[in-house]
$ cat model38.cif   # mmCIF, N, CA and C atoms
data_structure
loop_
_atom_site.group_PDB
_atom_site.id
_atom_site.type_symbol
_atom_site.label_atom_id
_atom_site.label_comp_id
_atom_site.auth_asym_id
_atom_site.auth_seq_id
_atom_site.Cartn_x
_atom_site.Cartn_y
_atom_site.Cartn_z
ATOM 1 N N MET A 73 -10.233 24.759 -7.324
ATOM 2 C CA MET A 73 -10.171 23.773 -8.396
ATOM 3 C C MET A 73 -9.259 22.606 -8.018
ATOM 4 N N TYR A 74 -8.088 22.906 -7.483
ATOM 5 C CA TYR A 74 -7.149 21.855 -7.112
ATOM 6 C C TYR A 74 -7.748 20.957 -6.039
ATOM 7 N N ASN A 75 -8.369 21.541 -5.018
ATOM 8 C CA ASN A 75 -8.961 20.746 -3.947
ATOM 9 C C ASN A 75 -10.100 19.886 -4.459
ATOM 10 N N GLU A 76 -10.870 20.414 -5.382
ATOM 11 C CA GLU A 76 -11.976 19.650 -5.956
ATOM 12 C C GLU A 76 -11.450 18.425 -6.705
ATOM 13 N N SER A 77 -10.367 18.604 -7.449
ATOM 14 C CA SER A 77 -9.771 17.473 -8.174
ATOM 15 C C SER A 77 -9.229 16.432 -7.201
ATOM 16 N N ALA A 78 -8.608 16.886 -6.121
ATOM 17 C CA ALA A 78 -8.066 15.952 -5.133
ATOM 18 C C ALA A 78 -9.181 15.140 -4.482
ATOM 19 N N ILE A 79 -10.281 15.785 -4.174
ATOM 20 C CA ILE A 79 -11.418 15.084 -3.578
ATOM 21 C C ILE A 79 -11.980 14.065 -4.565
ATOM 22 N N THR A 80 -12.086 14.451 -5.828
ATOM 23 C CA THR A 80 -12.606 13.541 -6.851
ATOM 24 C C THR A 80 -11.656 12.361 -7.057
ATOM 25 N N LEU A 81 -10.355 12.614 -7.034
ATOM 26 C CA LEU A 81 -9.378 11.521 -7.135
ATOM 27 C C LEU A 81 -9.582 10.518 -6.009
ATOM 28 N N GLY A 82 -9.737 11.014 -4.807
ATOM 29 C CA GLY A 82 -9.955 10.140 -3.659
ATOM 30 C C GLY A 82 -11.242 9.342 -3.786
ATOM 31 N N LYS A 83 -12.280 10.005 -4.257
ATOM 32 C CA LYS A 83 -13.577 9.339 -4.442
ATOM 33 C C LYS A 83 -13.460 8.195 -5.445
ATOM 34 N N ILE A 84 -12.794 8.449 -6.558
ATOM 35 C CA ILE A 84 -12.634 7.411 -7.578
ATOM 36 C C ILE A 84 -11.744 6.281 -7.066
ATOM 37 N N GLN A 85 -10.698 6.616 -6.323
ATOM 38 C CA GLN A 85 -9.832 5.581 -5.762
ATOM 39 C C GLN A 85 -10.637 4.647 -4.859
ATOM 40 N N VAL A 86 -11.440 5.202 -3.973
ATOM 41 C CA VAL A 86 -12.239 4.384 -3.067
ATOM 42 C C VAL A 86 -13.254 3.550 -3.837
ATOM 43 N N GLU A 87 -13.919 4.165 -4.805
ATOM 44 C CA GLU A 87 -14.909 3.439 -5.610
ATOM 45 C C GLU A 87 -14.255 2.281 -6.366
ATOM 46 N N PHE A 88 -13.101 2.544 -6.987
ATOM 47 C CA PHE A 88 -12.393 1.511 -7.744
ATOM 48 C C PHE A 88 -11.987 0.361 -6.832
ATOM 49 N N GLU A 89 -11.431 0.686 -5.665
ATOM 50 C CA GLU A 89 -10.990 -0.355 -4.742
ATOM 51 C C GLU A 89 -12.177 -1.140 -4.179
ATOM 52 N N CYS A 90 -13.313 -0.497 -3.987
ATOM 53 C CA CYS A 90 -14.511 -1.212 -3.521
ATOM 54 C C CYS A 90 -15.030 -2.168 -4.593
ATOM 55 N N LEU A 91 -15.015 -1.729 -5.842
ATOM 56 C CA LEU A 91 -15.533 -2.555 -6.928
ATOM 57 C C LEU A 91 -14.573 -3.664 -7.345
ATOM 58 N N PHE A 92 -13.290 -3.360 -7.366
ATOM 59 C CA PHE A 92 -12.316 -4.293 -7.946
ATOM 60 C C PHE A 92 -11.243 -4.758 -6.968
ATOM 61 N N GLY A 93 -11.262 -4.289 -5.739
ATOM 62 C CA GLY A 93 -10.262 -4.669 -4.755
ATOM 63 C C GLY A 93 -9.027 -3.797 -4.848
ATOM 64 N N ASN A 94 -8.177 -3.899 -3.850
ATOM 65 C CA ASN A 94 -6.942 -3.123 -3.883
ATOM 66 C C ASN A 94 -5.853 -3.903 -4.609
ATOM 67 N N LYS A 95 -4.672 -3.341 -4.690
ATOM 68 C CA LYS A 95 -3.598 -3.959 -5.469
ATOM 69 C C LYS A 95 -3.200 -5.331 -4.936
ATOM 70 N N LYS A 96 -3.267 -5.511 -3.635
ATOM 71 C CA LYS A 96 -2.825 -6.772 -3.050
ATOM 72 C C LYS A 96 -3.888 -7.872 -3.160
ATOM 73 N N ARG A 97 -5.145 -7.479 -3.223
ATOM 74 C CA ARG A 97 -6.216 -8.475 -3.244
ATOM 75 C C ARG A 97 -7.302 -8.025 -4.219
ATOM 76 N N ARG A 98 -7.256 -8.530 -5.413
ATOM 77 C CA ARG A 98 -8.261 -8.210 -6.428
ATOM 78 C C ARG A 98 -9.521 -9.020 -6.164
ATOM 79 N N LEU A 99 -10.649 -8.321 -6.108
ATOM 80 C CA LEU A 99 -11.920 -9.016 -5.923
ATOM 81 C C LEU A 99 -12.339 -9.740 -7.192
ATOM 82 N N LYS A 100 -11.939 -9.194 -8.324
ATOM 83 C CA LYS A 100 -12.274 -9.820 -9.604
ATOM 84 C C LYS A 100 -10.969 -10.128 -10.346
ATOM 85 N N PRO A 101 -10.275 -11.192 -9.944
ATOM 86 C CA PRO A 101 -8.967 -11.485 -10.521
ATOM 87 C C PRO A 101 -9.009 -11.848 -11.996
ATOM 88 N N HIS A 102 -10.187 -12.161 -12.501
ATOM 89 C CA HIS A 102 -10.291 -12.556 -13.902
ATOM 90 C C HIS A 102 -10.249 -11.353 -14.853
ATOM 91 N N LEU A 103 -10.309 -10.140 -14.321
ATOM 92 C CA LEU A 103 -10.234 -8.966 -15.191
ATOM 93 C C LEU A 103 -8.793 -8.713 -15.603
ATOM 94 N N THR A 104 -8.602 -8.402 -16.861
ATOM 95 C CA THR A 104 -7.261 -8.108 -17.366
ATOM 96 C C THR A 104 -6.885 -6.674 -17.019
ATOM 97 N N THR A 105 -5.621 -6.365 -17.200
ATOM 98 C CA THR A 105 -5.155 -4.998 -16.986
ATOM 99 C C THR A 105 -5.893 -4.048 -17.914
ATOM 100 N N GLN A 106 -6.134 -4.470 -19.142
ATOM 101 C CA GLN A 106 -6.853 -3.638 -20.106
ATOM 102 C C GLN A 106 -8.279 -3.357 -19.627
ATOM 103 N N GLU A 107 -8.950 -4.358 -19.090
ATOM 104 C CA GLU A 107 -10.310 -4.170 -18.587
ATOM 105 C C GLU A 107 -10.341 -3.258 -17.364
ATOM 106 N N LEU A 108 -9.389 -3.435 -16.456
ATOM 107 C CA LEU A 108 -9.312 -2.558 -15.285
ATOM 108 C C LEU A 108 -9.044 -1.116 -15.701
ATOM 109 N N THR A 109 -8.144 -0.939 -16.658
ATOM 110 C CA THR A 109 -7.840 0.397 -17.160
ATOM 111 C C THR A 109 -9.061 1.021 -17.807
ATOM 112 N N GLY A 110 -9.821 0.243 -18.560
ATOM 113 C CA GLY A 110 -11.043 0.743 -19.182
ATOM 114 C C GLY A 110 -12.069 1.194 -18.161
ATOM 115 N N GLU A 111 -12.224 0.427 -17.089
ATOM 116 C CA GLU A 111 -13.166 0.809 -16.024
ATOM 117 C C GLU A 111 -12.717 2.096 -15.344
ATOM 118 N N LEU A 112 -11.420 2.200 -15.089
ATOM 119 C CA LEU A 112 -10.898 3.412 -14.458
ATOM 120 C C LEU A 112 -11.076 4.620 -15.368
ATOM 121 N N LEU A 113 -10.826 4.446 -16.649
ATOM 122 C CA LEU A 113 -11.009 5.537 -17.608
ATOM 123 C C LEU A 113 -12.474 5.977 -17.659
ATOM 124 N N ARG A 114 -13.369 5.012 -17.627
ATOM 125 C CA ARG A 114 -14.798 5.335 -17.617
ATOM 126 C C ARG A 114 -15.167 6.174 -16.396
ATOM 127 N N MET A 115 -14.644 5.800 -15.228
ATOM 128 C CA MET A 115 -14.921 6.554 -13.999
ATOM 129 C C MET A 115 -14.366 7.975 -14.084
ATOM 130 N N CYS A 116 -13.149 8.098 -14.608
ATOM 131 C CA CYS A 116 -12.526 9.430 -14.719
ATOM 132 C C CYS A 116 -13.286 10.306 -15.712
ATOM 133 N N ASN A 117 -13.715 9.725 -16.825
ATOM 134 C CA ASN A 117 -14.503 10.483 -17.801
ATOM 135 C C ASN A 117 -15.834 10.921 -17.219
ATOM 136 N N ARG A 118 -16.468 10.037 -16.480
ATOM 137 C CA ARG A 118 -17.754 10.346 -15.858
ATOM 138 C C ARG A 118 -17.658 11.568 -14.941
ATOM 139 N N ASP A 119 -16.544 11.637 -14.189
ATOM 140 C CA ASP A 119 -16.360 12.743 -13.248
ATOM 141 C C ASP A 119 -15.537 13.889 -13.837
ATOM 142 N N GLU A 120 -15.293 13.826 -15.147
ATOM 143 C CA GLU A 120 -14.614 14.885 -15.899
ATOM 144 C C GLU A 120 -13.237 15.238 -15.342
ATOM 145 N N LEU A 121 -12.459 14.203 -15.015
ATOM 146 C CA LEU A 121 -11.084 14.412 -14.577
ATOM 147 C C LEU A 121 -10.166 14.499 -15.792
ATOM 148 N N SER A 122 -9.069 15.186 -15.621
ATOM 149 C CA SER A 122 -8.113 15.340 -16.716
ATOM 150 C C SER A 122 -7.393 14.018 -16.986
ATOM 151 N N PHE A 123 -6.738 13.959 -18.143
ATOM 152 C CA PHE A 123 -5.974 12.771 -18.498
ATOM 153 C C PHE A 123 -4.811 12.563 -17.524
ATOM 154 N N GLU A 124 -4.235 13.647 -17.028
ATOM 155 C CA GLU A 124 -3.144 13.553 -16.053
ATOM 156 C C GLU A 124 -3.632 12.888 -14.768
ATOM 157 N N CYS A 125 -4.843 13.212 -14.347
ATOM 158 C CA CYS A 125 -5.418 12.572 -13.158
ATOM 159 C C CYS A 125 -5.624 11.082 -13.408
ATOM 160 N N PHE A 126 -6.133 10.753 -14.598
ATOM 161 C CA PHE A 126 -6.316 9.347 -14.952
ATOM 162 C C PHE A 126 -4.984 8.600 -14.908
ATOM 163 N N GLN A 127 -3.940 9.188 -15.491
ATOM 164 C CA GLN A 127 -2.629 8.542 -15.508
ATOM 165 C C GLN A 127 -2.107 8.302 -14.095
ATOM 166 N N TYR A 128 -2.313 9.272 -13.216
ATOM 167 C CA TYR A 128 -1.880 9.120 -11.824
ATOM 168 C C TYR A 128 -2.600 7.938 -11.177
ATOM 169 N N LEU A 129 -3.925 7.890 -11.323
ATOM 170 C CA LEU A 129 -4.693 6.802 -10.721
ATOM 171 C C LEU A 129 -4.352 5.453 -11.346
ATOM 172 N N GLU A 130 -4.157 5.437 -12.649
ATOM 173 C CA GLU A 130 -3.795 4.190 -13.329
ATOM 174 C C GLU A 130 -2.492 3.637 -12.768
ATOM 175 N N LYS A 131 -1.516 4.498 -12.618
ATOM 176 C CA LYS A 131 -0.226 4.063 -12.090
ATOM 177 C C LYS A 131 -0.381 3.577 -10.654
ATOM 178 N N TYR A 132 -1.115 4.335 -9.854
ATOM 179 C CA TYR A 132 -1.275 3.999 -8.439
ATOM 180 C C TYR A 132 -2.128 2.761 -8.223
ATOM 181 N N LEU A 133 -3.222 2.619 -8.962
ATOM 182 C CA LEU A 133 -4.182 1.548 -8.714
ATOM 183 C C LEU A 133 -3.950 0.287 -9.529
ATOM 184 N N ILE A 134 -3.312 0.405 -10.681
ATOM 185 C CA ILE A 134 -3.248 -0.748 -11.587
ATOM 186 C C ILE A 134 -1.821 -1.154 -11.929
ATOM 187 N N THR A 135 -1.055 -0.271 -12.540
ATOM 188 C CA THR A 135 0.195 -0.717 -13.162
ATOM 189 C C THR A 135 1.342 -0.956 -12.194
ATOM 190 N N GLU A 136 1.373 -0.308 -11.058
ATOM 191 C CA GLU A 136 2.475 -0.550 -10.119
ATOM 192 C C GLU A 136 2.458 -1.967 -9.578
ATOM 193 N N GLU A 137 1.297 -2.571 -9.529
ATOM 194 C CA GLU A 137 1.175 -3.926 -8.980
ATOM 195 C C GLU A 137 1.647 -4.983 -9.963
ATOM 196 N N ARG A 138 1.333 -4.804 -11.220
ATOM 197 C CA ARG A 138 1.558 -5.867 -12.210
ATOM 198 C C ARG A 138 2.911 -5.798 -12.825
#
$ encode --input "model38.cif" --output "structure tokens"
Amino acid sequence: MYNESAITLGKIQVEFECLFGNKKRRLKPHLTTQELTGELLRMCNRDELSFECFQYLEKYLITEER
């Protein structure tokens, strides 16, 4: 179970960075933090990740930069 969650976290991280860019270079700079968070939440819900996993990804992919 733990390994499956780790693999899914990595998959979502790569997908998010491909769609929206990494923290240093946003491909869609016009998106707000709220919109980016909503997209990330949608991805986590789709893959049935826990809220704790979402919070980890949110901090790593979105909020640490801003």
$ atom_distance --input "model38.cif" --atom1 "atom C of A:His102" --atom2 "atom N of A:Leu81"
25.2 Å
$ select_by_dssp --input "model38.cif" --residues "stretch 99-136 of chain A" --states "alpha helix (DSSP H)" --output "PyMOL selection string"
chain A and resi 105-118+123-130
$ residues_around --input "model38.cif" --residues "stretch 124-129 of chain A" --least-positions-apart "5" --cutoff "9 Å" --atoms "only C-alpha atoms" --output "NGL selection string"
:A and (77 or 81 or 84-85 or 112-113 or 116-117 or 134)
$ closest_residue --input "model38.cif" --among "A:Gly93, A:Ile79, A:Asp119, A:Thr135" --to "A:Thr105" --atoms "all atoms listed in the file"
A:Thr135
$ closest_residue --input "model38.cif" --among "A:Thr109, A:Leu133, A:Leu103, A:Asn75" --to "A:Glu89" --atoms "only C-alpha atoms"
A:Leu133
$ atom_distance --input "model38.cif" --atom1 "atom CA of A:Cys90" --atom2 "atom C of A:Lys131"
16.5 Å
$ atom_distance --input "model38.cif" --atom1 "atom C of A:Leu91" --atom2 "atom C of A:Arg118"
17.3 Å
